[in-house]
>>> print(open('entry34.pdb').read())   # PDB, C-alpha atoms and all ligand atoms
ATOM      1  CA  MET A  21     -27.539  -8.049  -3.433
ATOM      2  CA  PHE A  22     -29.359 -10.641  -5.500
ATOM      3  CA  ASP A  23     -32.553 -11.956  -3.970
ATOM      4  CA  ALA A  24     -34.162 -14.808  -5.948
ATOM      5  CA  ASN A  25     -37.502 -14.033  -4.287
ATOM      6  CA  ASN A  26     -37.394 -10.416  -5.275
ATOM      7  CA  THR A  27     -39.620 -10.103  -8.307
ATOM      8  CA  SER A  28     -39.611  -6.327  -8.271
ATOM      9  CA  ASN A  29     -37.288  -6.254 -11.298
ATOM     10  CA  ASN A  30     -40.288  -7.340 -13.373
ATOM     11  CA  ASN A  31     -42.481  -4.554 -12.094
ATOM     12  CA  HIS A  32     -42.830  -2.284 -15.097
ATOM     13  CA  SER A  33     -45.472  -0.028 -13.565
ATOM     14  CA  LYS A  34     -42.604   1.742 -11.813
ATOM     15  CA  GLY A  35     -39.563   3.344 -13.259
ATOM     16  CA  LYS A  36     -36.303   1.542 -13.072
ATOM     17  CA  VAL A  37     -32.707   2.153 -12.125
ATOM     18  CA  ALA A  38     -29.884   0.825 -14.284
ATOM     19  CA  ILE A  39     -26.496   0.845 -12.578
ATOM     20  CA  VAL A  40     -24.184   0.933 -15.560
ATOM     21  CA  GLY A  41     -20.443   0.345 -15.699
ATOM     22  CA  ALA A  42     -18.947   2.912 -18.061
ATOM     23  CA  GLY A  43     -15.617   1.143 -18.528
ATOM     24  CA  PRO A  44     -12.260   2.860 -18.007
ATOM     25  CA  GLY A  45     -13.028   5.958 -20.059
ATOM     26  CA  ALA A  46     -12.907   5.291 -23.817
ATOM     27  CA  LEU A  47     -16.295   6.106 -25.304
ATOM     28  CA  ASP A  48     -16.574   2.818 -27.150
ATOM     29  CA  LEU A  49     -15.646   0.612 -24.204
ATOM     30  CA  ILE A  50     -19.075   0.710 -22.615
ATOM     31  CA  THR A  51     -21.296  -2.328 -23.319
ATOM     32  CA  VAL A  52     -24.057  -2.099 -25.924
ATOM     33  CA  ARG A  53     -26.604  -2.650 -23.147
ATOM     34  CA  GLY A  54     -25.067   0.118 -21.081
ATOM     35  CA  GLN A  55     -25.136   2.526 -24.017
ATOM     36  CA  ASN A  56     -28.753   1.643 -24.828
ATOM     37  CA  TYR A  57     -29.689   2.587 -21.277
ATOM     38  CA  LEU A  58     -27.807   5.873 -21.663
ATOM     39  CA  LYS A  59     -29.715   6.630 -24.873
ATOM     40  CA  THR A  60     -33.118   6.115 -23.294
ATOM     41  CA  ALA A  61     -32.566   7.389 -19.735
ATOM     42  CA  ASP A  62     -34.706  10.204 -18.363
ATOM     43  CA  THR A  63     -32.167  10.908 -15.623
ATOM     44  CA  ILE A  64     -28.429  10.161 -15.614
ATOM     45  CA  VAL A  65     -26.552  10.394 -12.352
ATOM     46  CA  TYR A  66     -22.834  10.015 -13.025
ATOM     47  CA  THR A  67     -19.444  10.211 -11.329
ATOM     48  CA  GLY A  68     -18.034  13.242 -13.120
ATOM     49  CA  SER A  69     -14.529  12.810 -11.725
ATOM     50  CA  LEU A  70     -14.134   9.348 -13.255
ATOM     51  CA  VAL A  71     -16.449   9.239 -16.272
ATOM     52  CA  PRO A  72     -15.656  11.484 -19.264
ATOM     53  CA  GLU A  73     -18.463  13.955 -19.906
ATOM     54  CA  ASN A  74     -18.606  13.224 -23.649
ATOM     55  CA  MET A  75     -19.833   9.728 -22.798
ATOM     56  CA  LEU A  76     -23.158  11.467 -22.174
ATOM     57  CA  SER A  77     -23.339  12.736 -25.760
ATOM     58  CA  VAL A  78     -25.712   9.870 -26.650
ATOM     59  CA  ALA A  79     -28.223  10.914 -23.987
ATOM     60  CA  LYS A  80     -31.652  12.310 -24.933
ATOM     61  CA  ALA A  81     -31.583  16.080 -25.405
ATOM     62  CA  ASP A  82     -34.004  16.559 -22.525
ATOM     63  CA  ALA A  83     -32.395  14.040 -20.169
ATOM     64  CA  GLU A  84     -31.707  15.301 -16.672
ATOM     65  CA  ILE A  85     -27.949  15.022 -15.989
ATOM     66  CA  VAL A  86     -26.560  15.078 -12.457
ATOM     67  CA  ASP A  87     -22.828  15.070 -11.700
ATOM     68  CA  THR A  88     -22.218  13.585  -8.242
ATOM     69  CA  ARG A  89     -18.480  14.296  -8.026
ATOM     70  CA  SER A  90     -18.849  16.718  -5.118
ATOM     71  CA  GLN A  91     -21.839  15.038  -3.481
ATOM     72  CA  VAL A  92     -22.214  12.441  -0.756
ATOM     73  CA  LEU A  93     -24.532   9.448  -1.188
ATOM     74  CA  GLU A  94     -27.261  11.096   0.881
ATOM     75  CA  ASP A  95     -27.399  13.960  -1.637
ATOM     76  CA  TRP A  96     -28.202  11.891  -4.698
ATOM     77  CA  LEU A  97     -29.778   8.632  -3.500
ATOM     78  CA  PRO A  98     -33.132  10.304  -2.718
ATOM     79  CA  LEU A  99     -33.177  11.875  -6.188
ATOM     80  CA  VAL A 100     -32.645   8.464  -7.817
ATOM     81  CA  ALA A 101     -35.475   6.967  -5.753
ATOM     82  CA  GLU A 102     -37.819   9.864  -6.389
ATOM     83  CA  ARG A 103     -37.341   9.794 -10.183
ATOM     84  CA  ALA A 104     -37.729   5.999 -10.359
ATOM     85  CA  LYS A 105     -40.883   6.147  -8.272
ATOM     86  CA  ALA A 106     -42.218   8.779 -10.677
ATOM     87  CA  GLY A 107     -41.878   6.192 -13.461
ATOM     88  CA  LYS A 108     -38.591   7.443 -14.930
ATOM     89  CA  THR A 109     -35.690   5.396 -16.198
ATOM     90  CA  VAL A 110     -32.670   6.397 -14.146
ATOM     91  CA  VAL A 111     -29.091   5.507 -15.035
ATOM     92  CA  ARG A 112     -26.406   5.538 -12.395
ATOM     93  CA  LEU A 113     -23.278   5.665 -14.564
ATOM     94  CA  GLN A 114     -20.034   4.836 -12.817
ATOM     95  CA  ASP A 115     -16.526   4.130 -14.004
ATOM     96  CA  GLY A 116     -15.178   0.670 -14.721
ATOM     97  CA  ASP A 117     -17.311  -2.147 -13.379
ATOM     98  CA  PRO A 118     -19.876  -1.364 -10.661
ATOM     99  CA  SER A 119     -18.815  -4.352  -8.546
ATOM    100  CA  LEU A 120     -15.441  -2.799  -7.741
ATOM    101  CA  TYR A 121     -14.972   0.139  -5.365
ATOM    102  CA  GLY A 122     -18.174   1.790  -6.524
ATOM    103  CA  ALA A 123     -20.472   1.957  -3.466
ATOM    104  CA  LEU A 124     -22.750  -0.510  -5.276
ATOM    105  CA  HIS A 125     -23.639  -2.178  -2.003
ATOM    106  CA  GLU A 126     -25.005   1.025  -0.461
ATOM    107  CA  LEU A 127     -27.007   1.810  -3.598
ATOM    108  CA  THR A 128     -28.588  -1.636  -3.984
ATOM    109  CA  VAL A 129     -29.509  -1.827  -0.290
ATOM    110  CA  TYR A 130     -31.166   1.583  -0.588
ATOM    111  CA  LEU A 131     -33.160   0.519  -3.659
ATOM    112  CA  LEU A 132     -34.158  -2.871  -2.220
ATOM    113  CA  GLU A 133     -35.412  -1.218   0.958
ATOM    114  CA  ARG A 134     -37.689   0.953  -1.186
ATOM    115  CA  ASP A 135     -38.736  -1.836  -3.550
ATOM    116  CA  ILE A 136     -37.336   0.021  -6.548
ATOM    117  CA  PRO A 137     -36.462  -2.270  -9.475
ATOM    118  CA  PHE A 138     -32.884  -2.132 -10.674
ATOM    119  CA  GLU A 139     -30.431  -3.852 -12.944
ATOM    120  CA  VAL A 140     -26.642  -3.894 -12.784
ATOM    121  CA  VAL A 141     -24.914  -3.659 -16.165
ATOM    122  CA  PRO A 142     -21.280  -4.755 -16.003
ATOM    123  CA  GLY A 143     -18.423  -2.691 -17.363
ATOM    124  CA  VAL A 144     -14.782  -3.118 -18.278
ATOM    125  CA  SER A 145     -12.822  -2.596 -15.093
ATOM    126  CA  ALA A 146      -9.665  -0.478 -15.041
ATOM    127  CA  PHE A 147      -7.459  -3.544 -14.685
ATOM    128  CA  GLN A 148      -8.930  -5.047 -17.861
ATOM    129  CA  GLY A 149      -8.602  -1.799 -19.772
ATOM    130  CA  ALA A 150      -5.016  -1.592 -18.540
ATOM    131  CA  ALA A 151      -4.120  -5.159 -19.539
ATOM    132  CA  ALA A 152      -5.565  -4.561 -22.998
ATOM    133  CA  ARG A 153      -3.640  -1.301 -23.331
ATOM    134  CA  LEU A 154      -0.432  -3.101 -22.344
ATOM    135  CA  GLN A 155      -1.349  -6.001 -24.649
ATOM    136  CA  VAL A 156      -0.563  -8.551 -21.947
ATOM    137  CA  GLU A 157      -2.106 -11.634 -20.423
ATOM    138  CA  LEU A 158      -2.008 -11.424 -16.627
ATOM    139  CA  THR A 159      -2.164 -15.212 -16.230
ATOM    140  CA  VAL A 160       0.836 -16.611 -18.092
ATOM    141  CA  PRO A 161       1.228 -20.419 -17.777
ATOM    142  CA  GLU A 162       3.990 -21.596 -15.420
ATOM    143  CA  LEU A 163       4.622 -17.979 -14.383
ATOM    144  CA  VAL A 164       1.519 -16.636 -12.689
ATOM    145  CA  GLN A 165      -2.057 -17.947 -12.553
ATOM    146  CA  THR A 166      -3.680 -15.620 -10.038
ATOM    147  CA  ILE A 167      -4.813 -12.006 -10.196
ATOM    148  CA  ILE A 168      -5.263  -9.960  -7.033
ATOM    149  CA  LEU A 169      -7.362  -6.793  -7.171
ATOM    150  CA  THR A 170      -6.785  -4.639  -4.131
ATOM    151  CA  ARG A 171      -6.121  -1.179  -2.765
ATOM    152  CA  MET A 172      -4.158   0.567  -0.029
ATOM    153  CA  GLN A 173      -6.039   1.689   3.013
ATOM    154  CA  GLY A 174      -7.238   5.256   2.655
ATOM    155  CA  GLN A 175     -10.369   6.654   4.235
ATOM    156  CA  THR A 176     -11.877   3.220   3.649
ATOM    157  CA  ASN A 177     -10.561   0.554   6.003
ATOM    158  CA  VAL A 178      -8.959  -2.534   4.508
ATOM    159  CA  PRO A 179      -9.331  -5.640   6.717
ATOM    160  CA  THR A 180      -5.990  -6.533   8.365
ATOM    161  CA  ASP A 181      -6.053 -10.010   6.800
ATOM    162  CA  GLU A 182      -5.854  -8.287   3.429
ATOM    163  CA  ASP A 183      -2.834  -6.167   4.235
ATOM    164  CA  LEU A 184      -0.782  -5.531   1.101
ATOM    165  CA  SER A 185       2.325  -7.231   2.525
ATOM    166  CA  SER A 186       0.460 -10.496   2.990
ATOM    167  CA  LEU A 187      -1.129 -10.292  -0.472
ATOM    168  CA  ALA A 188       2.295  -9.540  -1.959
ATOM    169  CA  SER A 189       3.640 -12.813  -0.554
ATOM    170  CA  HIS A 190       1.795 -14.650  -3.363
ATOM    171  CA  ARG A 191       3.759 -12.761  -6.031
ATOM    172  CA  ALA A 192       0.650 -12.916  -8.201
ATOM    173  CA  SER A 193      -0.374 -10.356 -10.823
ATOM    174  CA  LEU A 194      -1.399  -7.616  -8.436
ATOM    175  CA  CYS A 195      -3.609  -4.722  -9.567
ATOM    176  CA  LEU A 196      -3.569  -1.842  -7.153
ATOM    177  CA  TYR A 197      -6.478   0.585  -7.253
ATOM    178  CA  LEU A 198      -6.981   3.885  -5.413
ATOM    179  CA  SER A 199      -3.428   3.996  -4.075
ATOM    180  CA  ALA A 200      -1.492   6.869  -5.706
ATOM    181  CA  HIS A 201      -1.673   8.887  -2.461
ATOM    182  CA  HIS A 202      -0.132   5.993  -0.560
ATOM    183  CA  CYS A 203       2.330   4.769  -3.174
ATOM    184  CA  LYS A 204       5.309   5.040  -0.793
ATOM    185  CA  GLN A 205       3.788   2.671   1.770
ATOM    186  CA  ALA A 206       2.553   0.445  -1.056
ATOM    187  CA  GLN A 207       5.994   0.152  -2.624
ATOM    188  CA  GLU A 208       7.552  -0.691   0.757
ATOM    189  CA  LYS A 209       5.009  -3.433   1.434
ATOM    190  CA  LEU A 210       5.303  -4.892  -2.066
ATOM    191  CA  LEU A 211       9.102  -4.967  -1.868
ATOM    192  CA  GLU A 212       8.873  -7.207   1.190
ATOM    193  CA  HIS A 213       8.072 -10.035  -1.254
ATOM    194  CA  TYR A 214       8.500  -9.021  -4.894
ATOM    195  CA  PRO A 215      12.056  -8.517  -6.203
ATOM    196  CA  PRO A 216      12.843  -4.821  -6.856
ATOM    197  CA  ASP A 217      13.127  -5.410 -10.602
ATOM    198  CA  THR A 218       9.624  -6.937 -10.862
ATOM    199  CA  PRO A 219       7.866  -5.258 -13.798
ATOM    200  CA  MET A 220       5.392  -2.592 -12.724
ATOM    201  CA  ALA A 221       3.004  -0.725 -14.984
ATOM    202  CA  LEU A 222       1.632   2.649 -13.986
ATOM    203  CA  LEU A 223      -1.497   3.705 -15.855
ATOM    204  CA  TYR A 224      -3.079   7.104 -15.379
ATOM    205  CA  ARG A 225      -6.550   7.600 -16.915
ATOM    206  CA  VAL A 226      -6.082   4.744 -19.340
ATOM    207  CA  GLY A 227      -8.384   5.203 -22.333
ATOM    208  CA  TRP A 228      -8.763   8.957 -21.796
ATOM    209  CA  ASP A 229      -7.272  11.561 -24.165
ATOM    210  CA  ASP A 230      -4.624  12.480 -21.587
ATOM    211  CA  GLU A 231      -3.687   8.931 -20.538
ATOM    212  CA  TYR A 232      -0.171   8.227 -19.270
ATOM    213  CA  VAL A 233       1.161   4.675 -19.398
ATOM    214  CA  LYS A 234       4.616   3.625 -18.271
ATOM    215  CA  LEU A 235       6.230   0.249 -17.830
ATOM    216  CA  ALA A 236       9.021   0.335 -15.228
ATOM    217  CA  ARG A 237      10.426  -1.593 -12.234
ATOM    218  CA  LEU A 238       8.608  -1.981  -8.949
ATOM    219  CA  ASP A 239      11.248   0.062  -7.116
ATOM    220  CA  GLU A 240      10.476   2.988  -9.458
ATOM    221  CA  MET A 241       6.796   3.142  -8.497
ATOM    222  CA  VAL A 242       7.112   6.071  -6.079
ATOM    223  CA  SER A 243       9.592   8.168  -8.071
ATOM    224  CA  LEU A 244       7.499   7.792 -11.223
ATOM    225  CA  THR A 245       4.258   8.720  -9.462
ATOM    226  CA  HIS A 246       5.818  11.818  -7.896
ATOM    227  CA  GLU A 247       7.677  12.803 -11.045
ATOM    228  CA  GLN A 248       4.390  12.807 -12.990
ATOM    229  CA  LYS A 249       2.591  14.485 -10.045
ATOM    230  CA  LEU A 250      -0.117  11.819 -10.129
ATOM    231  CA  LYS A 251      -2.590  11.808  -7.282
ATOM    232  CA  ARG A 252      -5.674  10.020  -8.551
ATOM    233  CA  THR A 253      -7.085   7.720 -11.267
ATOM    234  CA  VAL A 254      -3.912   5.674 -11.250
ATOM    235  CA  LEU A 255      -3.815   1.910 -11.523
ATOM    236  CA  TYR A 256      -0.617   0.014 -10.784
ATOM    237  CA  ILE A 257      -0.075  -3.508 -12.049
ATOM    238  CA  ILE A 258       2.782  -5.447 -10.496
ATOM    239  CA  SER A 259       3.378  -8.740 -12.248
ATOM    240  CA  PRO A 260       6.078 -11.046 -13.564
ATOM    241  CA  ALA A 261       3.749 -11.452 -16.578
ATOM    242  CA  LEU A 262       4.541  -7.919 -17.722
ATOM    243  CA  ALA A 263       8.069  -9.015 -18.647
ATOM    244  CA  GLY A 264       6.690 -11.233 -21.396
ATOM    245  CA  SER A 265       8.139 -14.729 -21.491
ATOM    246  CA  PRO A 266       8.243 -16.334 -24.939
ATOM    247  CA  GLU A 267       8.827 -19.782 -23.360
ATOM    248  CA  SER A 268       5.495 -19.800 -21.536
ATOM    249  CA  ARG A 269       2.697 -21.395 -23.449
ATOM    250  CA  SER A 270      -0.869 -22.281 -22.564
ATOM    251  CA  ARG A 271      -1.660 -26.006 -22.374
ATOM    252  CA  LEU A 272      -5.086 -25.298 -23.810
ATOM    253  CA  TYR A 273      -3.779 -24.815 -27.358
ATOM    254  CA  HIS A 274      -0.833 -27.207 -27.032
ATOM    255  CA  GLU A 275      -0.727 -30.052 -29.550
ATOM    256  CA  GLU A 276      -0.180 -32.622 -26.759
ATOM    257  CA  HIS A 277      -3.276 -31.483 -24.922
ATOM    258  CA  GLN A 278      -6.597 -33.083 -25.909
ATOM    259  CA  HIS A 279      -9.985 -31.910 -24.766
ATOM    260  CA  ILE A 280     -13.612 -32.337 -25.696
ATOM    261  CA  PHE A 281     -13.443 -29.982 -28.696
ATOM    262  CA  ARG A 282     -10.147 -31.398 -29.953
ATOM    263  CA  PRO A 283     -10.026 -35.161 -29.411
ATOM    264  CA  LYS A 284      -6.905 -37.194 -30.236
ATOM    265  CA  LYS A 285      -6.484 -37.739 -34.006
TER     266      LYS A 285
HETATM  267  C1  LIG B   1     -13.496   4.432  -7.222
HETATM  268  S1  LIG B   1     -12.438   3.300  -8.019
HETATM  269  C2  LIG B   1     -13.540   2.578  -9.146
HETATM  270  C3  LIG B   1     -12.997   1.400  -9.903
HETATM  271  C4  LIG B   1     -13.905   0.978 -11.044
HETATM  272  N1  LIG B   1     -15.183   0.550 -10.538
HETATM  273  C5  LIG B   1     -13.290  -0.105 -11.924
HETATM  274  O1  LIG B   1     -13.842  -1.216 -12.003
HETATM  275  O2  LIG B   1     -12.268   0.172 -12.559
HETATM  276  C6  LIG B   1     -11.460   4.391  -8.957
HETATM  277  C7  LIG B   1     -10.065   3.826  -9.150
HETATM  278  O3  LIG B   1     -10.073   2.907 -10.237
HETATM  279  C8  LIG B   1      -8.893   3.046 -10.995
HETATM  280  N2  LIG B   1      -9.273   3.557 -12.314
HETATM  281  C9  LIG B   1     -10.524   3.764 -12.780
HETATM  282  N3  LIG B   1     -10.491   4.171 -14.058
HETATM  283  C10 LIG B   1      -9.190   4.213 -14.410
HETATM  284  C11 LIG B   1      -8.500   4.559 -15.612
HETATM  285  N4  LIG B   1      -9.150   4.945 -16.713
HETATM  286  N5  LIG B   1      -7.142   4.491 -15.621
HETATM  287  C12 LIG B   1      -6.465   4.093 -14.515
HETATM  288  N6  LIG B   1      -7.063   3.765 -13.360
HETATM  289  C13 LIG B   1      -8.406   3.822 -13.305
HETATM  290  C14 LIG B   1      -7.992   4.013 -10.249
HETATM  291  O4  LIG B   1      -7.222   3.264  -9.337
HETATM  292  C15 LIG B   1      -9.016   4.853  -9.529
HETATM  293  O5  LIG B   1      -8.444   5.486  -8.407
END
>>> encode(input="entry34.pdb", output="structure tokens")
Amino acid sequence: MFDANNTSNNNHSKGKVAIVGAGPGALDLITVRGQNYLKTADTIVYTGSLVPENMLSVAKADAEIVDTRSQVLEDWLPLVAERAKAGKTVVRLQDGDPSLYGALHELTVYLLERDIPFEVVPGVSAFQGAAARLQVELTVPELVQTIILTRMQGQTNVPTDEDLSSLASHRASLCLYLSAHHCKQAQEKLLEHYPPDTPMALLYRVGWDDEYVKLARLDEMVSLTHEQKLKRTVLYIISPALAGSPESRSRLYHEEHQHIFRPKK
């Protein structure tokens, strides 16, 4: 977590760790800053199950590459610390944006405890990649103005106050991560509040070469997931905004709406 008194990020005598969001998978959806880190890194520690390997094609020929897909944190955290302490630039490359479901907390606590400088480089999260792929705005005026990012409980506990049925009661644009395994329970909970014909988008590995994207109804969420035999890397978006409503129009660009950059004529 950010500590204003922590000046270690300016300590250049040590190596450094850059925790870089890779985006949803397309090679050109990483930030320029993120890619620059990849180009100069001595060590790249990446989540092989969620980041396409060819994203590493820009790395230095002699860069050390470590795939952590079958490792636990305790396997690779010491390696990151050791390399940084030896003066190396280490990149931890993880899918989407590091602030979402990426064990960022554990990593930053570990680095802070050891006084190892680090920087977090944001990435395009799966829900943003998905919205762009669907060419939709998830906050359509008069229709929906809130986005909920959540997940079903799996091995990670979800606080009871955040149970999907209570979140569904808002009928917001709801983006459901990490939930393909539990899609049956998810659909049941969502249907407690959303009408069965609410538009639902299922996106598997959006941005990858083998992506699968389908717009359907909420009550088709389970059948579609099972039909396609999808178990992981699926994002569901449930939202009235997916229906597209030509009547809805933002006030920001409305001729009757004046603001500082467009005063009344
Ligand atoms: C461990 S979480 C990490 C999320 C990531 N930090 C982000 O901001 O997108 C992995 C989950 O994100 C979603 N996800 C990540 N990349 C995706 C993609 N390319 N297409 C669809 N869903 C994706 C899936 O729900 C997947 O199970």
>>> atom_distance(input="entry34.pdb", atom1="CA of Ser119 in chain A", atom2="CA of Ile167 in chain A")
16.0 Å
>>> residues_near_ligand(input="entry34.pdb", ligand="ligand LIG 1 (chain B)", cutoff="6 Å", atoms="all atoms listed in the file", output="ChimeraX atom specification")
/A:44-45,115-118,120-122,145-146,197-198,223-227,252-255
>>> atom_distance(input="entry34.pdb", atom1="CA of Thr180 in chain A", atom2="CA of Leu250 in chain A")
26.7 Å
>>> resolve_selection(input="entry34.pdb", expression="the PyMOL selection byres (((chain A and resi 200-209) around 7) and not hetatm)", output="PyMOL selection string")
chain A and resi 172+184-185+198-199+210-212+239+241-242+250-252+254
>>> write_last_selection(input="entry34.pdb", atoms="C-alpha atoms", output="PDB file, in the frame of the given file")
ATOM      1  CA  MET A 172      -4.158   0.567  -0.029  1.00  0.00           C
ATOM      2  CA  LEU A 184      -0.782  -5.531   1.101  1.00  0.00           C
ATOM      3  CA  SER A 185       2.325  -7.231   2.525  1.00  0.00           C
ATOM      4  CA  LEU A 198      -6.981   3.885  -5.413  1.00  0.00           C
ATOM      5  CA  SER A 199      -3.428   3.996  -4.075  1.00  0.00           C
ATOM      6  CA  LEU A 210       5.303  -4.892  -2.066  1.00  0.00           C
ATOM      7  CA  LEU A 211       9.102  -4.967  -1.868  1.00  0.00           C
ATOM      8  CA  GLU A 212       8.873  -7.207   1.190  1.00  0.00           C
ATOM      9  CA  ASP A 239      11.248   0.062  -7.116  1.00  0.00           C
ATOM     10  CA  MET A 241       6.796   3.142  -8.497  1.00  0.00           C
ATOM     11  CA  VAL A 242       7.112   6.071  -6.079  1.00  0.00           C
ATOM     12  CA  LEU A 250      -0.117  11.819 -10.129  1.00  0.00           C
ATOM     13  CA  LYS A 251      -2.590  11.808  -7.282  1.00  0.00           C
ATOM     14  CA  ARG A 252      -5.674  10.020  -8.551  1.00  0.00           C
ATOM     15  CA  VAL A 254      -3.912   5.674 -11.250  1.00  0.00           C
TER      16      VAL A 254
END
>>> atom_distance(input="entry34.pdb", atom1="CA of Glu133 in chain A", atom2="CA of Lys36 in chain A")
14.3 Å
>>> residues_around(input="entry34.pdb", residues="Glu73 in chain A", least_positions_apart="5", cutoff="10 Å", atoms="all atoms listed in the file", output="list in words")
Gly45, Leu47, Tyr66, Thr67, Gly68 and Asp87 of chain A
>>> axis_aligned_box(input="entry34.pdb", around="range 116-129 of chain A", padding_each_side="5 Å", output="lines of an AutoDock Vina configuration file")
center_x = -22.2
center_y = -1.2
center_z = -7.5
size_x = 24.5
size_y = 16.3
size_z = 24.4
>>> closest_residue(input="entry34.pdb", among="A:Asp217, A:Pro137, A:Leu244, A:Pro260", to="His190 in chain A", atoms="only C-alpha atoms")
A:Pro260
>>> residues_near_point(input="entry34.pdb", point="(-33.1, 9.0, -21.3)", cutoff="7 Å", atoms="all atoms listed in the file", output="ChimeraX atom specification")
/A:58-63,79-80,83,109
>>> resolve_selection(input="entry34.pdb", expression="the PyMOL selection byres (((chain A and resi 38) around 8) and not hetatm)", output="ChimeraX atom specification")
/A:36-37,39-40,57,109-112,138-141
>>> build_atoms(input="entry34.pdb", residues="range 226-232 of chain A", atoms="all heavy atoms", output="tab-separated table (two decimals), in the coordinates of the input")
chain	number	residue	atom	x	y	z
A	226	VAL	N	-6.20	5.54	-18.12
A	226	VAL	CA	-6.08	4.74	-19.34
A	226	VAL	C	-7.36	4.84	-20.16
A	226	VAL	O	-8.47	4.79	-19.60
A	226	VAL	CB	-5.70	3.28	-18.99
A	226	VAL	CG1	-6.80	2.56	-18.25
A	226	VAL	CG2	-5.31	2.50	-20.23
A	227	GLY	N	-7.22	5.08	-21.45
A	227	GLY	CA	-8.38	5.20	-22.33
A	227	GLY	C	-8.86	6.63	-22.51
A	227	GLY	O	-9.66	6.91	-23.39
A	228	TRP	N	-8.37	7.56	-21.67
A	228	TRP	CA	-8.76	8.96	-21.80
A	228	TRP	C	-7.79	9.63	-22.78
A	228	TRP	O	-6.73	9.10	-23.09
A	228	TRP	CB	-8.67	9.68	-20.45
A	228	TRP	CG	-9.67	9.27	-19.42
A	228	TRP	CD1	-9.87	8.00	-18.95
A	228	TRP	CD2	-10.57	10.11	-18.71
A	228	TRP	NE1	-10.85	8.01	-17.99
A	228	TRP	CE2	-11.29	9.30	-17.82
A	228	TRP	CE3	-10.83	11.49	-18.72
A	228	TRP	CZ2	-12.26	9.81	-16.96
A	228	TRP	CZ3	-11.80	11.99	-17.87
A	228	TRP	CH2	-12.52	11.16	-17.01
A	229	ASP	N	-8.14	10.85	-23.22
A	229	ASP	CA	-7.27	11.56	-24.16
A	229	ASP	C	-5.92	11.89	-23.55
A	229	ASP	O	-4.91	11.97	-24.25
A	229	ASP	CB	-7.93	12.88	-24.63
A	229	ASP	CG	-9.15	12.59	-25.50
A	229	ASP	OD1	-9.24	11.46	-26.02
A	229	ASP	OD2	-10.00	13.49	-25.65
A	230	ASP	N	-5.89	12.09	-22.24
A	230	ASP	CA	-4.62	12.48	-21.59
A	230	ASP	C	-3.99	11.31	-20.82
A	230	ASP	O	-3.30	11.50	-19.84
A	230	ASP	CB	-4.87	13.65	-20.63
A	230	ASP	CG	-5.88	13.31	-19.55
A	230	ASP	OD1	-6.53	12.24	-19.65
A	230	ASP	OD2	-6.03	14.09	-18.58
A	231	GLU	N	-4.21	10.09	-21.27
A	231	GLU	CA	-3.69	8.93	-20.54
A	231	GLU	C	-2.16	8.97	-20.47
A	231	GLU	O	-1.49	9.54	-21.33
A	231	GLU	CB	-4.14	7.62	-21.19
A	231	GLU	CG	-3.41	7.29	-22.47
A	231	GLU	CD	-3.66	5.87	-23.00
A	231	GLU	OE1	-4.58	5.18	-22.54
A	231	GLU	OE2	-2.91	5.48	-23.90
A	232	TYR	N	-1.62	8.38	-19.40
A	232	TYR	CA	-0.17	8.23	-19.27
A	232	TYR	C	0.07	6.77	-18.88
A	232	TYR	O	-0.50	6.27	-17.91
A	232	TYR	CB	0.36	9.17	-18.19
A	232	TYR	CG	1.82	8.95	-17.86
A	232	TYR	CD1	2.82	9.49	-18.68
A	232	TYR	CD2	2.20	8.19	-16.76
A	232	TYR	CE1	4.16	9.28	-18.39
A	232	TYR	CE2	3.54	7.98	-16.46
A	232	TYR	CZ	4.51	8.52	-17.28
A	232	TYR	OH	5.83	8.30	-17.00
